[in-house]
file run-v8.csv (CSV, C-alpha atoms and all ligand atoms)
chain,number,residue,atom,x,y,z
A,76,MET,CA,21.7,-10.0,-32.1
A,77,ALA,CA,23.1,-6.7,-30.9
A,78,PRO,CA,20.7,-5.3,-28.4
A,79,THR,CA,19.7,-1.7,-28.9
A,80,LEU,CA,18.8,1.0,-26.4
A,81,THR,CA,15.7,2.0,-28.1
A,82,GLN,CA,13.1,1.4,-25.4
A,83,PRO,CA,10.8,4.4,-25.8
A,84,TRP,CA,10.6,5.0,-22.1
A,85,TRP,CA,14.2,5.3,-20.9
A,86,PRO,CA,15.5,8.5,-22.4
A,87,ARG,CA,12.7,10.5,-20.8
A,88,ALA,CA,13.6,9.0,-17.4
A,89,LEU,CA,17.1,10.2,-18.0
A,90,GLY,CA,16.2,13.6,-19.2
A,91,LEU,CA,18.2,12.9,-22.4
A,92,THR,CA,16.9,13.0,-25.9
A,93,ARG,CA,17.8,10.6,-28.6
A,94,PRO,CA,19.8,13.1,-30.7
A,95,ALA,CA,21.9,14.1,-27.8
A,96,LEU,CA,22.8,10.5,-27.1
A,97,ASP,CA,23.6,9.8,-30.7
A,98,HIS,CA,26.0,12.7,-30.8
A,99,TYR,CA,27.6,11.3,-27.6
A,100,HIS,CA,27.9,7.8,-29.0
A,101,ARG,CA,29.9,8.8,-32.0
A,102,GLY,CA,33.2,10.4,-31.2
A,103,LEU,CA,36.1,10.2,-28.9
A,104,VAL,CA,36.0,11.8,-25.5
A,105,ASN,CA,38.9,14.1,-25.0
A,106,PRO,CA,40.1,13.2,-21.5
A,107,ALA,CA,41.2,16.7,-20.8
A,108,THR,CA,37.9,18.4,-21.6
A,109,GLY,CA,35.4,15.5,-21.4
A,110,ILE,CA,34.0,16.7,-24.7
A,111,ALA,CA,33.2,14.3,-27.4
A,112,ASP,CA,35.2,14.8,-30.5
A,113,THR,CA,32.9,13.8,-33.3
A,114,ASP,CA,35.7,12.8,-35.6
A,115,PRO,CA,35.7,9.0,-35.2
A,116,ALA,CA,39.3,8.6,-36.5
A,117,LEU,CA,41.7,7.2,-33.9
A,118,PRO,CA,45.1,8.9,-33.3
A,119,PHE,CA,47.8,7.6,-35.5
A,120,GLY,CA,49.2,4.2,-34.3
A,121,CYS,CA,46.3,3.7,-31.8
A,122,ALA,CA,43.6,1.1,-31.7
A,123,ALA,CA,40.4,0.8,-29.7
A,124,GLY,CA,40.3,-2.0,-27.1
A,125,LEU,CA,38.0,-3.3,-24.4
A,126,LEU,CA,39.0,-2.8,-20.7
A,127,VAL,CA,38.5,-6.3,-19.2
A,128,ALA,CA,40.1,-6.1,-15.8
A,129,SER,CA,40.4,-3.2,-13.4
A,130,GLY,CA,43.8,-1.9,-12.4
A,131,ARG,CA,45.8,-3.6,-9.8
A,132,GLY,CA,48.9,-1.6,-9.1
A,133,GLY,CA,47.9,1.0,-11.7
A,134,THR,CA,47.7,-1.4,-14.7
A,135,TRP,CA,44.6,-2.3,-16.6
A,136,GLU,CA,44.0,-5.3,-18.9
A,137,VAL,CA,42.8,-4.4,-22.3
A,138,GLU,CA,41.7,-6.9,-25.0
A,139,LEU,CA,42.7,-5.7,-28.4
A,140,ASP,CA,42.2,-7.9,-31.5
A,141,GLY,CA,42.0,-11.0,-29.4
A,142,GLN,CA,45.2,-10.1,-27.5
A,143,ARG,CA,45.6,-9.2,-23.9
A,144,LEU,CA,47.6,-6.0,-23.2
A,145,ARG,CA,48.7,-4.8,-19.8
A,146,CYS,CA,48.3,-1.1,-19.9
A,147,ARG,CA,49.1,2.0,-17.9
A,148,LEU,CA,47.5,5.4,-18.3
A,149,ARG,CA,49.6,7.7,-20.4
A,150,ASP,CA,51.3,10.2,-18.1
A,151,SER,CA,49.7,13.2,-19.7
A,152,VAL,CA,46.2,11.8,-19.1
A,153,ARG,CA,46.7,10.4,-15.7
A,154,ASP,CA,45.8,13.6,-14.0
A,155,ASP,CA,42.6,13.9,-16.0
A,156,PHE,CA,41.4,10.4,-15.1
A,157,ASP,CA,40.8,9.3,-11.6
A,158,PRO,CA,41.9,5.7,-12.3
A,159,LEU,CA,39.6,4.1,-9.8
A,160,GLY,CA,36.6,6.3,-10.3
A,161,ARG,CA,36.6,7.1,-14.0
A,162,LEU,CA,37.7,4.0,-15.8
A,163,VAL,CA,35.8,0.8,-15.3
A,164,VAL,CA,35.5,-2.6,-16.9
A,165,GLY,CA,33.6,-2.5,-20.1
A,166,ASP,CA,35.1,0.9,-21.1
A,167,ARG,CA,36.3,1.1,-24.6
A,168,VAL,CA,39.7,2.7,-24.6
A,169,VAL,CA,42.1,4.1,-27.1
A,170,VAL,CA,45.4,2.2,-26.7
A,171,ARG,CA,48.8,2.8,-28.1
A,172,PRO,CA,50.7,-0.5,-28.1
A,173,GLY,CA,54.0,-0.3,-26.3
A,174,SER,CA,57.4,-1.3,-27.6
A,175,GLU,CA,57.5,-4.2,-25.2
A,176,PRO,CA,55.2,-7.0,-26.3
A,177,GLY,CA,51.9,-7.3,-24.3
A,178,ARG,CA,52.2,-3.8,-23.0
A,179,GLY,CA,50.5,-0.5,-23.9
A,180,ALA,CA,49.3,2.8,-22.8
A,181,ILE,CA,45.7,4.1,-22.5
A,182,GLU,CA,45.4,7.4,-24.2
A,183,ALA,CA,41.6,8.1,-24.0
A,184,ARG,CA,38.3,6.6,-23.2
A,185,LEU,CA,35.6,6.3,-25.8
A,186,PRO,CA,32.1,7.5,-25.0
A,187,ARG,CA,29.9,5.0,-23.0
A,188,ARG,CA,26.7,3.6,-24.2
A,189,SER,CA,25.6,2.9,-20.7
A,190,GLN,CA,27.0,2.7,-17.2
A,191,VAL,CA,25.9,0.8,-14.1
A,192,GLY,CA,26.8,2.2,-10.8
A,193,ARG,CA,25.7,2.7,-7.3
A,194,GLY,CA,25.6,5.9,-5.3
A,195,ARG,CA,23.0,8.2,-3.7
A,196,GLY,CA,22.6,11.8,-3.1
A,197,GLU,CA,25.4,14.3,-3.6
A,198,LYS,CA,28.2,11.7,-3.9
A,199,ALA,CA,29.4,10.8,-7.4
A,200,PRO,CA,28.3,7.2,-8.1
A,201,THR,CA,30.7,4.4,-7.8
A,202,LEU,CA,30.8,2.8,-11.2
A,203,ILE,CA,30.5,-1.0,-11.5
A,204,ALA,CA,30.7,-1.5,-15.3
A,205,ALA,CA,30.3,0.4,-18.5
A,206,ASN,CA,28.8,-0.5,-21.9
A,207,ILE,CA,26.7,-3.4,-20.6
A,208,ASP,CA,24.5,-4.3,-23.5
A,209,GLN,CA,22.0,-6.4,-21.5
A,210,LEU,CA,21.1,-7.3,-18.0
A,211,VAL,CA,20.3,-11.0,-17.9
A,212,ILE,CA,17.7,-11.6,-15.2
A,213,VAL,CA,17.8,-15.2,-14.2
A,214,LEU,CA,14.8,-16.4,-12.1
A,215,SER,CA,13.8,-19.9,-11.3
A,216,ALA,CA,10.3,-21.3,-11.6
A,217,ARG,CA,10.8,-22.9,-8.2
A,218,MET,CA,13.6,-23.1,-5.5
A,219,PRO,CA,13.7,-20.3,-5.0
A,220,GLU,CA,10.0,-19.6,-5.7
A,221,PHE,CA,9.1,-17.4,-8.6
A,222,THR,CA,7.4,-14.1,-7.9
A,223,LEU,CA,6.2,-11.4,-10.3
A,224,HIS,CA,7.4,-8.7,-8.0
A,225,THR,CA,11.0,-9.9,-8.1
A,226,LEU,CA,10.8,-9.8,-11.9
A,227,ASP,CA,9.4,-6.3,-11.8
A,228,ARG,CA,12.1,-5.2,-9.4
A,229,TYR,CA,14.9,-6.4,-11.7
A,230,LEU,CA,13.3,-5.0,-14.8
A,231,THR,CA,13.1,-1.6,-13.1
A,232,ILE,CA,16.8,-1.8,-12.1
A,233,ALA,CA,17.7,-2.6,-15.7
A,234,ALA,CA,15.6,0.4,-17.0
A,235,ALA,CA,17.1,2.7,-14.4
A,236,ALA,CA,20.6,1.7,-15.5
A,237,GLU,CA,19.5,2.1,-19.2
A,238,VAL,CA,20.3,-1.4,-20.0
A,239,GLU,CA,18.1,-3.7,-22.0
A,240,PRO,CA,16.8,-6.6,-19.9
A,241,LEU,CA,16.7,-10.3,-21.0
A,242,VAL,CA,14.4,-12.4,-18.8
A,243,VAL,CA,15.5,-16.0,-18.3
A,244,LEU,CA,13.0,-18.4,-16.6
A,245,ASN,CA,15.2,-21.2,-15.5
A,246,LYS,CA,14.3,-24.5,-13.9
A,247,SER,CA,11.4,-24.9,-16.3
A,248,ASP,CA,11.7,-28.6,-15.5
A,249,LEU,CA,10.1,-27.7,-12.1
A,250,ASP,CA,7.3,-25.6,-13.6
A,251,ASP,CA,3.9,-27.2,-14.3
A,252,GLY,CA,3.2,-24.4,-16.7
A,253,THR,CA,1.9,-21.9,-14.1
A,254,VAL,CA,4.9,-19.6,-14.0
A,255,GLN,CA,5.3,-19.6,-17.7
A,256,ALA,CA,1.6,-18.7,-18.2
A,257,GLU,CA,1.8,-15.9,-15.6
A,258,VAL,CA,4.8,-14.4,-17.4
A,259,GLU,CA,3.6,-14.8,-20.9
A,260,ALA,CA,0.3,-13.2,-20.1
A,261,VAL,CA,2.0,-9.9,-19.4
A,262,TYR,CA,5.6,-9.4,-20.4
A,263,PRO,CA,6.0,-10.2,-24.1
A,264,ALA,CA,3.3,-7.6,-24.9
A,265,LEU,CA,5.3,-5.0,-23.0
A,266,GLY,CA,8.3,-5.7,-25.3
A,267,TYR,CA,10.4,-7.7,-22.9
A,268,ARG,CA,12.4,-10.7,-24.2
A,269,ILE,CA,11.8,-13.9,-22.4
A,270,LEU,CA,13.8,-17.2,-22.5
A,271,ARG,CA,12.8,-20.4,-20.9
A,272,THR,CA,15.6,-22.7,-19.8
A,273,SER,CA,16.3,-25.8,-17.9
A,274,VAL,CA,19.9,-26.7,-17.2
A,275,THR,CA,18.9,-30.1,-15.8
A,276,ALA,CA,16.8,-31.0,-18.9
A,277,GLY,CA,19.1,-29.2,-21.3
A,278,LEU,CA,16.3,-27.0,-22.6
A,279,GLY,CA,16.9,-23.5,-24.1
A,280,ILE,CA,20.6,-23.6,-23.5
A,281,GLU,CA,21.4,-22.9,-27.2
A,282,SER,CA,19.1,-19.9,-27.2
A,283,PHE,CA,20.7,-18.7,-24.0
A,284,ALA,CA,24.2,-18.9,-25.6
A,285,ALA,CA,22.9,-17.2,-28.7
A,286,ALA,CA,21.5,-14.4,-26.6
A,287,LEU,CA,24.8,-13.8,-24.9
A,288,ALA,CA,27.0,-14.0,-28.0
A,289,GLY,CA,28.6,-10.8,-29.3
A,290,CYS,CA,27.7,-8.5,-26.5
A,291,ILE,CA,28.5,-7.7,-22.9
A,292,SER,CA,26.1,-9.0,-20.3
A,293,ALA,CA,25.6,-8.7,-16.6
A,294,VAL,CA,23.8,-11.6,-15.0
A,295,VAL,CA,21.6,-11.0,-12.0
A,296,GLY,CA,19.0,-12.8,-10.1
A,297,PRO,CA,18.3,-14.4,-6.7
A,298,SER,CA,20.8,-16.7,-5.2
A,299,GLY,CA,20.1,-20.3,-6.3
A,300,ALA,CA,18.2,-19.4,-9.5
A,301,GLY,CA,20.9,-21.1,-11.6
A,302,LYS,CA,23.1,-18.2,-12.9
A,303,SER,CA,26.3,-20.0,-12.6
A,304,SER,CA,24.8,-23.3,-13.8
A,305,LEU,CA,23.6,-21.6,-16.9
A,306,LEU,CA,26.9,-19.9,-17.6
A,307,ASN,CA,28.7,-23.2,-17.0
A,308,ALA,CA,26.3,-25.0,-19.4
A,309,ILE,CA,27.3,-22.7,-22.3
A,310,ASP,CA,31.0,-22.5,-21.3
A,311,PRO,CA,32.3,-25.4,-19.1
A,312,SER,CA,35.3,-23.5,-18.0
A,313,TYR,CA,33.3,-20.7,-16.5
A,314,ARG,CA,33.0,-22.1,-13.0
A,315,LEU,CA,36.6,-23.1,-12.9
A,316,ARG,CA,37.7,-19.6,-13.8
A,317,ILE,CA,35.5,-18.0,-11.2
A,318,GLY,CA,36.9,-20.4,-8.6
A,319,GLN,CA,40.5,-19.6,-9.6
A,320,VAL,CA,40.0,-15.9,-8.9
A,321,MET,CA,38.2,-16.6,-5.6
A,322,ALA,CA,41.2,-18.7,-4.5
A,323,MET,CA,43.6,-16.0,-5.5
A,324,GLY,CA,41.5,-13.5,-3.4
A,325,LYS,CA,42.4,-15.4,-0.3
A,326,GLY,CA,46.0,-14.9,-0.9
A,327,ARG,CA,47.9,-11.7,-1.6
A,328,HIS,CA,45.2,-9.9,-3.4
A,329,THR,CA,42.3,-9.3,-1.0
A,330,THR,CA,40.1,-7.6,-3.5
A,331,THR,CA,39.5,-9.4,-6.7
A,332,GLY,CA,38.2,-6.4,-8.5
A,333,SER,CA,35.9,-6.4,-11.5
A,334,ARG,CA,36.5,-8.2,-14.8
A,335,LEU,CA,34.8,-9.2,-18.0
A,336,LEU,CA,35.0,-12.9,-18.7
A,337,ARG,CA,35.0,-14.1,-22.3
A,338,LEU,CA,32.5,-16.9,-23.0
A,339,ASP,CA,32.9,-19.7,-25.6
A,340,CYS,CA,30.0,-18.1,-27.5
A,341,GLY,CA,32.0,-15.0,-28.0
A,342,GLY,CA,30.1,-12.9,-25.5
A,343,TRP,CA,31.4,-11.2,-22.4
A,344,VAL,CA,30.0,-11.5,-18.9
A,345,ALA,CA,30.7,-8.9,-16.2
A,346,ASP,CA,32.0,-10.6,-13.1
A,347,THR,CA,31.8,-7.7,-10.7
A,348,PRO,CA,31.1,-8.0,-7.0
A,349,GLY,CA,28.7,-5.0,-7.1
A,350,ILE,CA,26.3,-6.1,-9.7
A,351,LYS,CA,24.8,-9.1,-8.0
A,352,THR,CA,23.7,-7.0,-5.0
A,353,LEU,CA,22.6,-3.9,-6.9
A,354,GLY,CA,19.3,-2.6,-5.5
A,355,LEU,CA,16.8,-0.2,-6.9
A,356,VAL,CA,17.3,2.4,-4.1
A,357,GLU,CA,21.0,2.6,-5.0
A,358,THR,CA,20.2,3.7,-8.6
A,359,ASP,CA,19.2,7.0,-7.0
A,360,LEU,CA,16.0,7.1,-9.0
A,361,GLU,CA,13.5,9.8,-8.2
A,362,PRO,CA,10.2,8.3,-7.1
A,363,MET,CA,8.3,10.4,-9.8
A,364,ALA,CA,10.6,9.0,-12.5
A,365,LEU,CA,9.6,5.4,-11.7
A,366,GLN,CA,6.5,5.6,-13.8
A,367,HIS,CA,8.7,6.1,-16.9
A,368,LEU,CA,10.4,2.7,-16.3
A,369,PHE,CA,7.1,0.9,-16.6
A,370,PRO,CA,6.3,1.1,-20.3
A,371,GLU,CA,2.5,0.7,-19.8
A,372,LEU,CA,2.5,3.5,-17.2
A,373,ASP,CA,4.7,5.7,-19.2
A,374,ALA,CA,2.3,5.4,-22.2
A,375,LEU,CA,-0.4,7.0,-20.0
A,376,PHE,CA,1.9,9.8,-18.8
A,377,GLY,CA,0.0,13.1,-18.5
A,378,THR,CA,-3.5,11.7,-18.9
A,379,CYS,CA,-4.4,11.6,-15.2
A,380,ARG,CA,-6.5,14.3,-13.6
A,381,PHE,CA,-3.5,15.6,-11.6
A,382,ALA,CA,-0.3,16.4,-13.5
A,383,ASN,CA,1.7,15.1,-10.5
A,384,CYS,CA,-0.4,12.0,-10.0
A,385,THR,CA,1.6,9.2,-8.3
A,386,HIS,CA,-0.9,6.6,-9.5
A,387,ARG,CA,-1.5,5.2,-6.1
A,388,SER,CA,-4.8,6.5,-4.7
A,389,GLU,CA,-5.5,9.8,-6.5
A,390,PRO,CA,-9.0,10.2,-8.0
A,391,ASP,CA,-9.4,10.0,-11.7
A,392,CYS,CA,-6.1,8.2,-12.3
A,393,ALA,CA,-5.6,6.8,-15.8
A,394,VAL,CA,-3.4,4.0,-14.4
A,395,SER,CA,-6.1,2.9,-12.0
A,396,ARG,CA,-8.6,3.0,-14.8
A,397,GLY,CA,-6.3,0.9,-16.9
A,398,VAL,CA,-6.1,-1.7,-14.2
A,399,ALA,CA,-9.9,-1.7,-13.7
A,400,ALA,CA,-10.4,-2.1,-17.5
A,401,GLY,CA,-7.9,-5.0,-17.6
A,402,ARG,CA,-5.4,-3.2,-19.8
A,403,ILE,CA,-2.8,-3.1,-17.0
A,404,ALA,CA,-1.9,-6.1,-15.0
A,405,PRO,CA,-2.8,-5.7,-11.3
A,406,SER,CA,0.6,-7.3,-10.4
A,407,ARG,CA,2.4,-4.5,-12.3
A,408,HIS,CA,0.5,-1.8,-10.6
A,409,ALA,CA,1.2,-3.4,-7.2
A,410,SER,CA,4.9,-3.7,-8.0
A,411,TYR,CA,5.0,-0.1,-9.1
A,412,GLN,CA,3.3,1.1,-5.8
A,413,ARG,CA,5.6,-1.0,-3.7
A,414,LEU,CA,8.7,0.3,-5.4
A,415,PHE,CA,7.5,3.8,-5.3
A,416,ASP,CA,7.0,3.6,-1.5
A,417,GLU,CA,10.5,2.2,-1.1
A,418,LEU,CA,12.1,4.9,-3.2
A,419,GLU,CA,10.1,7.6,-1.2
A,420,ALA,CA,11.1,6.1,2.1
A,421,ALA,CA,14.8,6.1,1.0
A,422,ARG,CA,14.5,9.8,0.2
A,423,ARG,CA,13.4,10.6,3.7
A,424,ARG,CA,16.2,8.7,5.4
A,501,LIG,P1,23.1,-19.3,-8.7
A,501,LIG,O1,23.2,-19.0,-7.2
A,501,LIG,O2,22.1,-18.4,-9.3
A,501,LIG,O3,24.4,-19.2,-9.4
A,501,LIG,O4,22.6,-20.8,-8.8
A,501,LIG,P2,23.4,-22.1,-9.1
A,501,LIG,O5,23.8,-22.1,-10.5
A,501,LIG,O6,24.5,-22.3,-8.1
A,501,LIG,O7,22.3,-23.2,-8.9
A,501,LIG,C1,21.6,-23.5,-7.7
A,501,LIG,C2,21.1,-24.9,-7.7
A,501,LIG,O8,20.1,-25.1,-8.7
A,501,LIG,C3,22.1,-25.9,-8.0
A,501,LIG,O9,22.0,-27.0,-7.1
A,501,LIG,C4,21.8,-26.3,-9.4
A,501,LIG,O10,22.2,-27.6,-9.7
A,501,LIG,C5,20.3,-26.2,-9.5
A,501,LIG,N1,19.8,-25.9,-10.8
A,501,LIG,C6,20.4,-25.0,-11.7
A,501,LIG,N2,19.7,-25.0,-12.9
A,501,LIG,C7,18.7,-25.9,-12.7
A,501,LIG,C8,17.6,-26.3,-13.5
A,501,LIG,O11,17.4,-25.9,-14.7
A,501,LIG,N3,16.7,-27.2,-13.0
A,501,LIG,C9,16.9,-27.7,-11.7
A,501,LIG,N4,15.9,-28.6,-11.3
A,501,LIG,N5,17.9,-27.3,-10.9
A,501,LIG,C10,18.8,-26.5,-11.4
A,502,ZN,ZN,-2.4,8.5,-12.1
call {"tool": "encode", "arguments": {"input": "run-v8.csv", "output": "structure tokens"}}
result
Amino acid sequence: MAPTLTQPWWPRALGLTRPALDHYHRGLVNPATGIADTDPALPFGCAAGLLVASGRGGTWEVELDGQRLRCRLRDSVRDDFDPLGRLVVGDRVVVRPGSEPGRGAIEARLPRRSQVGRGRGEKAPTLIAANIDQLVIVLSARMPEFTLHTLDRYLTIAAAAEVEPLVVLNKSDLDDGTVQAEVEAVYPALGYRILRTSVTAGLGIESFAAALAGCISAVVGPSGAGKSSLLNAIDPSYRLRIGQVMAMGKGRHTTTGSRLLRLDCGGWVADTPGIKTLGLVETDLEPMALQHLFPELDALFGTCRFANCTHRSEPDCAVSRGVAAGRIAPSRHASYQRLFDELEAARRR
């Protein structure tokens, strides 16, 4: 299933409207002007490929029709791209295959559906990956202990990055049903996709593979939740390939850079150092925008007594009323308040 970016709440948080995005999705971006050309035709002799590894020594690896090409930026576009800042794994690029086999030149970048980056304040964000279709949030029922707040925090990071989340509750073999009940009482009704897995018991692994097939995923979650165990369960070569690059990192190449790894199921997973440690504060979200990333709060937007209500302790707050009436989970309201306070504190620093 190809995930869609149709959550009703995220365009508002971005200040973008759906038609503006649709326009942006369609055409080529002219690297000289940054303007999307709405004609989807590619230049003669070119093809669209996927950037799977970031440039070492000015070359980029592009996957095109199942083949791996080592590409340079075409001279005339080099000045328009900042190679480290402006191209990132997951970018779809227009490539002109070279006369030498396995070589090519990047002529342009196609518009991005999404981008994940970190960066606060005036500085342009450092991009981590582009066109991530889904953020796979792996949490364990136990070891480490499950908390609803951790889940809310990752869901908010996904929404702030405009990426659809997929929640994976792993180690279900260690759950007596409590965690599952806690999650199912709240999240499916809000539109979130939930998978239950156990690597040990071999449960839900096929559904996990199916959810990753055909799209680009980034996998996040607390250390020890079972991220690499899950990926290895659906592609036994995964751990080996991760290990190889780490070993290489100790040698000549000290930075391993970012890459997309192809899985047996046909999906891609972003292996980028930055994603695992991405925090909410680094998404540079305005505290007042946070409410739009909680669908049940967003639905009440504009119905509190005060237009600028922060839904913490103001009188006549529609969110507080929703909690009192049992329509909003107290844990969600608590998570929202905690994240709001954190974002506000970060602003003051
Ligand atoms: P990561 O840090 O998220 O990549 O977690 P790992 O994949 O390294 O797993 C951490 C530990 O949890 C390892 O000892 C795994 O064997 C164990 N583990 C992974 N999945 C499961 C599971 O479904 N059930 C149980 N009981 N243990 C698991
Ligand atoms: Zn309010």
call {"tool": "atom_distance", "arguments": {"input": "run-v8.csv", "atom1": "CA of Cys379 (chain A)", "atom2": "CA of Ala236 (chain A)"}}
result
26.9 Å
call {"tool": "axis_aligned_box", "arguments": {"input": "run-v8.csv", "around": "ligand LIG 501 (chain A)", "padding_each_side": "8 Å", "output": "AutoDock Vina command-line options"}}
result
--center_x 20.2 --center_y -23.5 --center_z -10.9 --size_x 24.6 --size_y 26.2 --size_z 23.6
call {"tool": "closest_atom_pairs", "arguments": {"input": "run-v8.csv", "of": "chain A", "to": "ligand ZN 502 (chain A)", "cutoff": "7 Å", "atoms": "only C-alpha atoms and all ligand atoms", "output": "Markdown table"}}
result
| residue | atom | partner | partner_atom | distance |
| --- | --- | --- | --- | --- |
| A:Cys379 | CA | A:ZN502 | ZN | 4.8 |
| A:Cys384 | CA | A:ZN502 | ZN | 4.5 |
| A:Thr385 | CA | A:ZN502 | ZN | 5.6 |
| A:His386 | CA | A:ZN502 | ZN | 3.6 |
| A:Arg387 | CA | A:ZN502 | ZN | 6.9 |
| A:Glu389 | CA | A:ZN502 | ZN | 6.5 |
| A:Cys392 | CA | A:ZN502 | ZN | 3.7 |
| A:Ala393 | CA | A:ZN502 | ZN | 5.2 |
| A:Val394 | CA | A:ZN502 | ZN | 5.2 |
| A:Ser395 | CA | A:ZN502 | ZN | 6.7 |
call {"tool": "closest_residue", "arguments": {"input": "run-v8.csv", "among": "A:Val238, A:Ala264, A:Val163, A:Cys340", "to": "Glu281 (chain A)", "atoms": "all atoms listed in the file"}}
result
A:Cys340
call {"tool": "residues_near_ligand", "arguments": {"input": "run-v8.csv", "ligand": "ligand LIG 501 (chain A)", "cutoff": "7 Å", "atoms": "all atoms listed in the file", "output": "PDB file with C-alpha atoms, keeping the file's coordinate frame"}}
result
ATOM      1  CA  ASN A 245      15.200 -21.200 -15.500  1.00  0.00           C
ATOM      2  CA  LYS A 246      14.300 -24.500 -13.900  1.00  0.00           C
ATOM      3  CA  SER A 247      11.400 -24.900 -16.300  1.00  0.00           C
ATOM      4  CA  ASP A 248      11.700 -28.600 -15.500  1.00  0.00           C
ATOM      5  CA  LEU A 249      10.100 -27.700 -12.100  1.00  0.00           C
ATOM      6  CA  THR A 272      15.600 -22.700 -19.800  1.00  0.00           C
ATOM      7  CA  SER A 273      16.300 -25.800 -17.900  1.00  0.00           C
ATOM      8  CA  VAL A 274      19.900 -26.700 -17.200  1.00  0.00           C
ATOM      9  CA  THR A 275      18.900 -30.100 -15.800  1.00  0.00           C
ATOM     10  CA  ALA A 276      16.800 -31.000 -18.900  1.00  0.00           C
ATOM     11  CA  GLY A 296      19.000 -12.800 -10.100  1.00  0.00           C
ATOM     12  CA  PRO A 297      18.300 -14.400  -6.700  1.00  0.00           C
ATOM     13  CA  SER A 298      20.800 -16.700  -5.200  1.00  0.00           C
ATOM     14  CA  GLY A 299      20.100 -20.300  -6.300  1.00  0.00           C
ATOM     15  CA  ALA A 300      18.200 -19.400  -9.500  1.00  0.00           C
ATOM     16  CA  GLY A 301      20.900 -21.100 -11.600  1.00  0.00           C
ATOM     17  CA  LYS A 302      23.100 -18.200 -12.900  1.00  0.00           C
ATOM     18  CA  SER A 303      26.300 -20.000 -12.600  1.00  0.00           C
ATOM     19  CA  SER A 304      24.800 -23.300 -13.800  1.00  0.00           C
ATOM     20  CA  LEU A 305      23.600 -21.600 -16.900  1.00  0.00           C
TER      21      LEU A 305
END
call {"tool": "atom_distance", "arguments": {"input": "run-v8.csv", "atom1": "CA of Asp416 (chain A)", "atom2": "CA of Glu239 (chain A)"}}
result
24.4 Å
call {"tool": "residues_around", "arguments": {"input": "run-v8.csv", "residues": "Ser282 (chain A)", "least_positions_apart": "6", "cutoff": "12 Å", "atoms": "all atoms listed in the file", "output": "ChimeraX atom specification"}}
result
/A:76,241,243,268-273,288,305,308-309,340
